[in-house]
Each structure stands twice: as structure tokens, then as C-alpha cells.
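Novice: This is upload_22.pdb, which holds PDB, C-alpha atoms:
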ATOM      1  CA  CYS A   1     -13.315 -78.007  16.945  1.00  0.00           C
ATOM      2  CA  LYS A   2     -16.153 -80.140  15.584  1.00  0.00           C
ATOM      3  CA  ARG A   3     -18.652 -80.363  18.441  1.00  0.00           C
ATOM      4  CA  ALA A   4     -21.648 -82.657  18.143  1.00  0.00           C
ATOM      5  CA  GLN A   5     -25.028 -81.170  18.929  1.00  0.00           C
ATOM      6  CA  HIS A   6     -26.934 -82.725  21.797  1.00  0.00           C
ATOM      7  CA  GLY A   7     -29.506 -84.998  20.233  1.00  0.00           C
ATOM      8  CA  ALA A   8     -27.685 -85.486  16.919  1.00  0.00           C
ATOM      9  CA  ARG A   9     -27.196 -89.191  17.617  1.00  0.00           C
ATOM     10  CA  LYS A  10     -30.920 -89.661  18.347  1.00  0.00           C
ATOM     11  CA  PHE A  11     -31.774 -87.822  15.097  1.00  0.00           C
ATOM     12  CA  GLN A  12     -29.403 -90.059  13.116  1.00  0.00           C
ATOM     13  CA  ASP A  13     -30.860 -93.184  14.754  1.00  0.00           C
ATOM     14  CA  ASN A  14     -34.358 -92.055  13.734  1.00  0.00           C
ATOM     15  CA  LEU A  15     -33.128 -91.321  10.213  1.00  0.00           C
ATOM     16  CA  ASP A  16     -31.520 -94.763   9.963  1.00  0.00           C
ATOM     17  CA  ARG A  17     -34.751 -96.468  11.107  1.00  0.00           C
ATOM     18  CA  GLY A  18     -36.964 -94.338   8.849  1.00  0.00           C
ATOM     19  CA  ASP A  19     -38.823 -92.925  11.865  1.00  0.00           C
ATOM     20  CA  LEU A  20     -38.767 -89.257  10.829  1.00  0.00           C
ATOM     21  CA  MET A  21     -42.035 -87.478  11.416  1.00  0.00           C
ATOM     22  CA  GLU A  22     -43.543 -84.853   9.122  1.00  0.00           C
ATOM     23  CA  GLY A  23     -41.894 -81.498   9.646  1.00  0.00           C
ATOM     24  CA  GLN A  24     -38.555 -82.855  10.890  1.00  0.00           C
ATOM     25  CA  MET A  25     -35.486 -81.688   9.061  1.00  0.00           C
ATOM     26  CA  LEU A  26     -33.166 -83.996   7.165  1.00  0.00           C
ATOM     27  CA  ASP A  27     -29.498 -82.956   7.213  1.00  0.00           C
ATOM     28  CA  ASN A  28     -26.669 -84.149   5.007  1.00  0.00           C
ATOM     29  CA  MET A  29     -24.090 -83.839   7.806  1.00  0.00           C
ATOM     30  CA  PRO A  30     -24.040 -83.997  11.596  1.00  0.00           C
ATOM     31  CA  ARG A  31     -24.798 -80.761  13.369  1.00  0.00           C
ATOM     32  CA  GLY A  32     -22.007 -79.020  15.246  1.00  0.00           C
ATOM     33  CA  THR A  33     -19.157 -76.681  14.347  1.00  0.00           C
ATOM     34  CA  ILE A  34     -16.640 -76.354  11.530  1.00  0.00           C
ATOM     35  CA  CYS A  35     -13.996 -73.816  12.573  1.00  0.00           C
ATOM     36  CA  ILE A  36     -12.674 -71.197  10.163  1.00  0.00           C
ATOM     37  CA  GLU A  37      -9.358 -73.078  10.007  1.00  0.00           C
ATOM     38  CA  ASP A  38     -11.169 -76.140   8.561  1.00  0.00           C
ATOM     39  CA  ILE A  39     -13.537 -74.453   6.095  1.00  0.00           C
ATOM     40  CA  GLU A  40     -12.742 -74.936   2.416  1.00  0.00           C
ATOM     41  CA  MET A  41     -13.886 -73.238  -0.787  1.00  0.00           C
ATOM     42  CA  GLY A  42     -16.827 -75.048  -2.378  1.00  0.00           C
ATOM     43  CA  MET A  43     -17.835 -76.776   0.865  1.00  0.00           C
ATOM     44  CA  THR A  44     -21.627 -77.272   0.974  1.00  0.00           C
ATOM     45  CA  ARG A  45     -24.229 -78.314   3.507  1.00  0.00           C
ATOM     46  CA  PHE A  46     -28.017 -78.588   3.349  1.00  0.00           C
ATOM     47  CA  VAL A  47     -31.220 -79.403   5.157  1.00  0.00           C
ATOM     48  CA  ARG A  48     -34.509 -80.631   3.746  1.00  0.00           C
ATOM     49  CA  LYS A  49     -37.830 -79.930   5.395  1.00  0.00           C
ATOM     50  CA  VAL A  50     -41.489 -80.320   4.504  1.00  0.00           C
ATOM     51  CA  ILE A  51     -43.251 -77.037   5.284  1.00  0.00           C
ATOM     52  CA  THR A  52     -46.388 -77.829   7.259  1.00  0.00           C
ATOM     53  CA  ASP A  53     -49.500 -75.872   8.203  1.00  0.00           C
ATOM     54  CA  GLU A  54     -48.225 -76.032  11.781  1.00  0.00           C
ATOM     55  CA  ASP A  55     -44.892 -74.441  10.722  1.00  0.00           C
ATOM     56  CA  ILE A  56     -46.772 -71.579   9.034  1.00  0.00           C
ATOM     57  CA  GLU A  57     -49.041 -71.056  12.047  1.00  0.00           C
ATOM     58  CA  MET A  58     -46.097 -71.110  14.485  1.00  0.00           C
ATOM     59  CA  PHE A  59     -44.144 -68.653  12.317  1.00  0.00           C
ATOM     60  CA  SER A  60     -47.198 -66.372  12.237  1.00  0.00           C
ATOM     61  CA  GLN A  61     -47.371 -66.472  16.024  1.00  0.00           C
ATOM     62  CA  VAL A  62     -43.669 -65.809  16.581  1.00  0.00           C
ATOM     63  CA  SER A  63     -43.291 -63.132  13.906  1.00  0.00           C
ATOM     64  CA  THR A  64     -46.783 -61.611  14.419  1.00  0.00           C
ATOM     65  CA  ASP A  65     -47.163 -61.692  10.611  1.00  0.00           C
ATOM     66  CA  ARG A  66     -50.806 -62.784  10.267  1.00  0.00           C
ATOM     67  CA  ASN A  67     -51.124 -61.910   6.561  1.00  0.00           C
ATOM     68  CA  PRO A  68     -54.115 -63.967   5.342  1.00  0.00           C
ATOM     69  CA  VAL A  69     -52.234 -65.081   2.215  1.00  0.00           C
ATOM     70  CA  HIS A  70     -50.419 -67.428   4.605  1.00  0.00           C
ATOM     71  CA  LEU A  71     -53.325 -68.456   6.838  1.00  0.00           C
ATOM     72  CA  ASP A  72     -56.695 -68.170   5.071  1.00  0.00           C
ATOM     73  CA  ASP A  73     -57.467 -70.572   2.214  1.00  0.00           C
ATOM     74  CA  GLU A  74     -60.457 -68.584   0.945  1.00  0.00           C
ATOM     75  CA  TYR A  75     -58.589 -65.280   0.961  1.00  0.00           C
ATOM     76  CA  ALA A  76     -55.488 -66.779  -0.653  1.00  0.00           C
ATOM     77  CA  GLN A  77     -57.500 -68.326  -3.515  1.00  0.00           C
ATOM     78  CA  ASP A  78     -58.222 -64.805  -4.799  1.00  0.00           C
ATOM     79  CA  THR A  79     -54.561 -63.759  -4.872  1.00  0.00           C
ATOM     80  CA  ILE A  80     -51.943 -64.043  -7.596  1.00  0.00           C
ATOM     81  CA  PHE A  81     -50.786 -67.268  -5.878  1.00  0.00           C
ATOM     82  CA  GLN A  82     -54.241 -68.925  -6.071  1.00  0.00           C
ATOM     83  CA  GLY A  83     -53.697 -70.561  -2.710  1.00  0.00           C
ATOM     84  CA  ARG A  84     -51.873 -70.205   0.578  1.00  0.00           C
ATOM     85  CA  ILE A  85     -48.114 -69.755   0.643  1.00  0.00           C
ATOM     86  CA  ALA A  86     -45.510 -69.971   3.387  1.00  0.00           C
ATOM     87  CA  HIS A  87     -43.903 -66.794   4.697  1.00  0.00           C
ATOM     88  CA  GLY A  88     -40.779 -66.015   2.687  1.00  0.00           C
ATOM     89  CA  MET A  89     -38.809 -65.567   5.882  1.00  0.00           C
ATOM     90  CA  LEU A  90     -39.880 -69.013   7.074  1.00  0.00           C
ATOM     91  CA  THR A  91     -38.180 -70.429   3.991  1.00  0.00           C
ATOM     92  CA  ALA A  92     -35.179 -68.145   4.574  1.00  0.00           C
ATOM     93  CA  GLY A  93     -35.026 -69.453   8.137  1.00  0.00           C
ATOM     94  CA  LEU A  94     -33.960 -72.817   6.735  1.00  0.00           C
ATOM     95  CA  ILE A  95     -30.820 -71.103   5.390  1.00  0.00           C
ATOM     96  CA  SER A  96     -30.186 -69.833   8.914  1.00  0.00           C
ATOM     97  CA  ALA A  97     -30.580 -73.393  10.190  1.00  0.00           C
ATOM     98  CA  VAL A  98     -27.877 -74.659   7.826  1.00  0.00           C
ATOM     99  CA  ILE A  99     -25.521 -71.816   8.747  1.00  0.00           C
ATOM    100  CA  GLY A 100     -26.129 -72.006  12.491  1.00  0.00           C
ATOM    101  CA  GLU A 101     -26.124 -75.790  12.786  1.00  0.00           C
ATOM    102  CA  GLN A 102     -23.758 -77.079  10.078  1.00  0.00           C
ATOM    103  CA  LEU A 103     -21.681 -74.608   8.051  1.00  0.00           C
ATOM    104  CA  PRO A 104     -19.961 -73.071   9.875  1.00  0.00           C
ATOM    105  CA  GLY A 105     -22.326 -74.193  12.649  1.00  0.00           C
ATOM    106  CA  HIS A 106     -22.523 -73.524  16.368  1.00  0.00           C
ATOM    107  CA  GLY A 107     -20.949 -70.200  17.358  1.00  0.00           C
ATOM    108  CA  THR A 108     -21.437 -68.607  13.923  1.00  0.00           C
ATOM    109  CA  ILE A 109     -22.483 -64.940  13.861  1.00  0.00           C
ATOM    110  CA  TYR A 110     -24.435 -63.474  10.932  1.00  0.00           C
ATOM    111  CA  MET A 111     -22.893 -60.308   9.469  1.00  0.00           C
ATOM    112  CA  SER A 112     -25.238 -59.864   6.481  1.00  0.00           C
ATOM    113  CA  GLN A 113     -27.722 -61.701   4.287  1.00  0.00           C
ATOM    114  CA  SER A 114     -29.251 -60.860   0.903  1.00  0.00           C
ATOM    115  CA  LEU A 115     -32.314 -62.700  -0.353  1.00  0.00           C
ATOM    116  CA  LYS A 116     -34.263 -62.851  -3.591  1.00  0.00           C
ATOM    117  CA  PHE A 117     -37.577 -64.714  -3.577  1.00  0.00           C
ATOM    118  CA  LEU A 118     -38.179 -66.391  -6.936  1.00  0.00           C
ATOM    119  CA  ALA A 119     -41.283 -68.527  -6.376  1.00  0.00           C
ATOM    120  CA  PRO A 120     -43.744 -69.323  -3.591  1.00  0.00           C
ATOM    121  CA  VAL A 121     -43.392 -72.195  -1.141  1.00  0.00           C
ATOM    122  CA  ARG A 122     -46.687 -73.884  -0.308  1.00  0.00           C
ATOM    123  CA  PRO A 123     -47.796 -76.013   2.620  1.00  0.00           C
ATOM    124  CA  GLY A 124     -46.627 -79.564   1.943  1.00  0.00           C
ATOM    125  CA  ASP A 125     -43.611 -78.534  -0.169  1.00  0.00           C
ATOM    126  CA  LEU A 126     -40.292 -80.238   0.554  1.00  0.00           C
ATOM    127  CA  VAL A 127     -37.704 -77.447   0.668  1.00  0.00           C
ATOM    128  CA  LEU A 128     -34.004 -78.112   0.140  1.00  0.00           C
ATOM    129  CA  ALA A 129     -31.977 -75.286   1.735  1.00  0.00           C
ATOM    130  CA  GLU A 130     -28.304 -75.293   0.781  1.00  0.00           C
ATOM    131  CA  VAL A 131     -25.264 -73.091   1.381  1.00  0.00           C
ATOM    132  CA  GLU A 132     -21.917 -73.133  -0.413  1.00  0.00           C
ATOM    133  CA  VAL A 133     -18.650 -71.459   0.602  1.00  0.00           C
ATOM    134  CA  THR A 134     -17.630 -68.899  -2.043  1.00  0.00           C
ATOM    135  CA  ASP A 135     -15.010 -66.875  -0.143  1.00  0.00           C
ATOM    136  CA  ILE A 136     -12.967 -67.176   3.042  1.00  0.00           C
ATOM    137  CA  ILE A 137     -11.205 -64.314   4.843  1.00  0.00           C
ATOM    138  CA  ILE A 138      -9.318 -66.220   7.530  1.00  0.00           C
ATOM    139  CA  ASP A 139      -7.753 -63.264   9.398  1.00  0.00           C
ATOM    140  CA  LYS A 140     -11.214 -61.727   9.948  1.00  0.00           C
ATOM    141  CA  ARG A 141     -12.941 -65.120  10.434  1.00  0.00           C
ATOM    142  CA  ARG A 142     -15.361 -64.218   7.607  1.00  0.00           C
ATOM    143  CA  VAL A 143     -17.029 -66.714   5.292  1.00  0.00           C
ATOM    144  CA  LYS A 144     -19.154 -65.765   2.283  1.00  0.00           C
ATOM    145  CA  LEU A 145     -21.848 -68.284   1.418  1.00  0.00           C
ATOM    146  CA  GLU A 146     -24.054 -68.645  -1.644  1.00  0.00           C
ATOM    147  CA  CYS A 147     -27.519 -69.548  -0.365  1.00  0.00           C
ATOM    148  CA  ARG A 148     -30.385 -71.230  -2.185  1.00  0.00           C
ATOM    149  CA  CYS A 149     -33.668 -72.963  -1.478  1.00  0.00           C
ATOM    150  CA  MET A 150     -35.314 -75.308  -3.954  1.00  0.00           C
ATOM    151  CA  VAL A 151     -38.615 -77.126  -4.302  1.00  0.00           C
ATOM    152  CA  ASP A 152     -38.728 -80.011  -6.793  1.00  0.00           C
ATOM    153  CA  GLY A 153     -35.387 -78.854  -8.259  1.00  0.00           C
ATOM    154  CA  LYS A 154     -36.693 -75.317  -8.904  1.00  0.00           C
ATOM    155  CA  LYS A 155     -35.012 -72.401  -7.115  1.00  0.00           C
ATOM    156  CA  VAL A 156     -37.487 -70.553  -4.905  1.00  0.00           C
ATOM    157  CA  LEU A 157     -34.967 -68.380  -3.028  1.00  0.00           C
ATOM    158  CA  VAL A 158     -31.377 -67.289  -3.691  1.00  0.00           C
ATOM    159  CA  GLY A 159     -29.030 -65.052  -1.778  1.00  0.00           C
ATOM    160  CA  GLU A 160     -25.675 -64.518  -0.189  1.00  0.00           C
ATOM    161  CA  ALA A 161     -24.597 -64.501   3.447  1.00  0.00           C
ATOM    162  CA  MET A 162     -21.498 -63.169   5.178  1.00  0.00           C
ATOM    163  CA  VAL A 163     -20.825 -64.756   8.546  1.00  0.00           C
ATOM    164  CA  MET A 164     -18.164 -64.738  11.225  1.00  0.00           C
ATOM    165  CA  ALA A 165     -17.081 -68.318  11.827  1.00  0.00           C
ATOM    166  CA  PRO A 166     -15.854 -69.798  15.090  1.00  0.00           C
ATOM    167  CA  SER A 167     -12.106 -70.306  15.483  1.00  0.00           C
ATOM    168  CA  ARG A 168     -10.042 -72.751  17.480  1.00  0.00           C
ATOM    169  CA  LYS A 169      -8.077 -69.729  18.726  1.00  0.00           C
ATOM    170  CA  PHE A 170     -11.129 -68.451  20.639  1.00  0.00           C
ATOM    171  CA  ASP A 171     -12.981 -71.668  21.549  1.00  0.00           C
TER     172      ASP A 171
END
Take the structure in this file and express it as C-alpha cells.
Specialist:
Amino acid sequence: CKRAQHGARKFQDNLDRGDLMEGQMLDNMPRGTICIEDIEMGMTRFVRKVITDEDIEMFSQVSTDRNPVHLDDEYAQDTIFQGRIAHGMLTAGLISAVIGEQLPGHGTIYMSQSLKFLAPVRPGDLVLAEVEVTDIIIDKRRVKLECRCMVDGKKVLVGEAMVMAPSRKFD
């Protein structure tokens, strides 16, 4: 049931050569699918990504969230953060990337997600987004995942997701 994502080989070749460009994501495992029958307690997957000004601008465009704390240096200097910060949901989107691309991966359906934002993410920060399997309900194809994002080893976001995983029985 493990299906490789189109382009995964090219990504790995670039990673091996050290040709990754700013803003690309670094994964610990190939992208694809892990079916419910193969998921194990404690299984983890992650991505790492440097949050760029371009990421923040694109997220603002897509979400229509043009809050100046994300986009305007002068405005953001006078806030509690004393500088621009990334949208919290941009950071949370990295959790979605891990879930939708690696664990369980392609074909996964979100059922719920809780999030707690602990610290800001700033342009230029390298974010590590990681999920860990904490419960499996095989007959309902449900997987509970502990979710966390870190910058320099400090947690900036924590939460929990419940997803419906793909199954060999239906694929």
C-alpha cells in the first residue's frame, strides 16, 4: 500500500546532492501512503522547512489574512512580538503536510485537529513539524496523532489530530 509520490525521487536526488533551495521541505521519510494495517504505536514522521517572506506573502494571499503583524515590519515592531511573525496556521499547515504526505499519507482524511500556539515563528525560522501515533482504532480506520512544531528545539505549537487512514481493503 506504500505508494511513492511523483517527484519523490527527484527530491531525494536533490537532497543527496545538497541542492535544496530555501523554502523547500526536508522530510525524514519518502512521501506516499502507510495504510492503517501497517501503522504502529509510536511511529513518527516529520518535515523541516525554513519559513520565508514569500511563504508568508503567499499564505496571506491564499487565506486573505493580511494582518500587518505578518506583513509590515514597521507595524509589527510596535507589537508584543517586536517584529513580524508568520501566521499560526501557516505553521500548522506543516503538520497537515506531514499527515497528508507521510503519516498516514496520501488518502488520509482529517477528522479533527486541536492546536495550541506557544511561541511565534518568524521569517527565517527553521520549523520542525512532527507527528507521533498515540492511538489506533483499526476497525474505524482512525489514527490519533500527537502534533508538535519546534524552532531551535523549543516547542512553538502543540496539538492532537484524529484522522481516517487509508486501508488496503479500499485501495
Novice: Considering only C-alpha atoms, state which residue in the set A:Pro68, A:Gly32, A:Pro123, A:Pro104 is at the smallest distance from Met162 of chain A.
Specialist: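 Of A:Pro68, A:Gly32, A:Pro123, A:Pro104, the one nearest Met162 of chain A, counting only C-alpha atoms, is A:Pro104.
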Novice: Using only C-alpha atoms, which of the listed residues (A:Thr134, A:Gln102, A:Ser63, A:Ser112) sits closest to Gly42 of chain A?
Specialist: A:Thr134
Novice: What's the 12 Å shell around Asp152 of chain A, counting only C-alpha atoms, without same-chain residues fewer than 2 positions away, as a list of chain:residue names?
Specialist: A:Arg48, A:Val50, A:Ala119, A:Val121, A:Arg122, A:Gly124, A:Asp125, A:Leu126, A:Val127, A:Leu128, A:Ala129, A:Cys149, A:Met150, A:Lys154, A:Lys155, A:Val156
Novice: Run the PyMOL selection byres ((chain A and resi 67) around 12) on the file and write out the hits as a VMD selection string.
Specialist: chain A and resid 56 to 57 59 to 61 63 to 66 68 to 73 75 to 76 84 to 88
Novice: Pick out the closest residue to Ser167 of chain A from this set: A:Asp38, A:Glu146, A:Met43, A:Lys116. Count all atoms listed in the file.
Specialist: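 Smallest separation from Ser167 of chain A among the options: A:Asp38.
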Novice: Take atom CA of Glu130 of chain A and atom CA of Phe46 of chain A and report the distance between them in Å, one decimal.
Specialist: 4.2 Å
Novice: Using all atoms listed in the file - which residues lie no farther than 9 Å from the point (-14.5, -66.9, 2.8) in the file's frame? Write them as a list in words.
Specialist: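 Answer for this query, in the requested form: Ile36, Ile39, Glu40, Met41, Val133, Thr134, Asp135, Ile136, Ile137, Ile138, Arg141, Arg142, Val143, Lys144, Leu145, Met162 and Val163 of chain A.
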Novice: Taking all atoms of segment 110-119 of chain A that the file lists, what box with edges along x, y and z, padded by 3 Å per side, do you get, with centre and edge lengths in Å to one decimal, as lines of an AutoDock Vina configuration file?
Specialist:
center_x = -32.1
center_y = -64.2
center_z = 2.0
size_x = 24.4
size_y = 14.7
size_z = 23.9
Novice: From the set A:Val158, A:Ile34, A:Leu103, A:Met58, which residue has the shortest atom-to-atom contact distance to Leu118 of chain A, counting only C-alpha atoms?
Specialist: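 Using only C-alpha atoms, the shortest distance to Leu118 of chain A belongs to A:Val158.
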Novice: Provide the atom CA of Val62 of chain A to atom CA of Ala161 of chain A distance in Å, to one decimal place.
Specialist: 23.2 Å
Novice: Figure out the distance between atom CA of Leu94 of chain A and atom CA of Ala165 of chain A, please, to one decimal in Å.
Specialist: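 It comes out at 18.2 Å.
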Novice: Rank A:Thr91, A:Glu37, A:His106, A:Leu115 by their smallest atom-to-atom distance to Lys140 of chain A, using all atoms listed in the file, and report the top residue only.
Specialist: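 The answer is A:Glu37, which sits nearest to Lys140 of chain A.
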Novice: Could you check which of A:Pro120, A:Thr52, A:Glu132, A:Gly159 is closest to Ile99 of chain A, using only C-alpha atoms?
Specialist: A:Glu132
Novice: I'd like the neighbourhood of Gly100 of chain A as a list of chain:residue names, where a residue qualifies if any of its atoms comes within 9 Å (using all atoms listed in the file), though same-chain residues fewer than 3 positions away should be ignored.
Specialist: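 The filter keeps A:Arg31, A:Gly32, A:Thr33, A:Ile95, A:Ser96, A:Ala97, A:Leu103, A:Pro104, A:Gly105, A:His106, A:Gly107, A:Thr108, A:Ile109, A:Tyr110.
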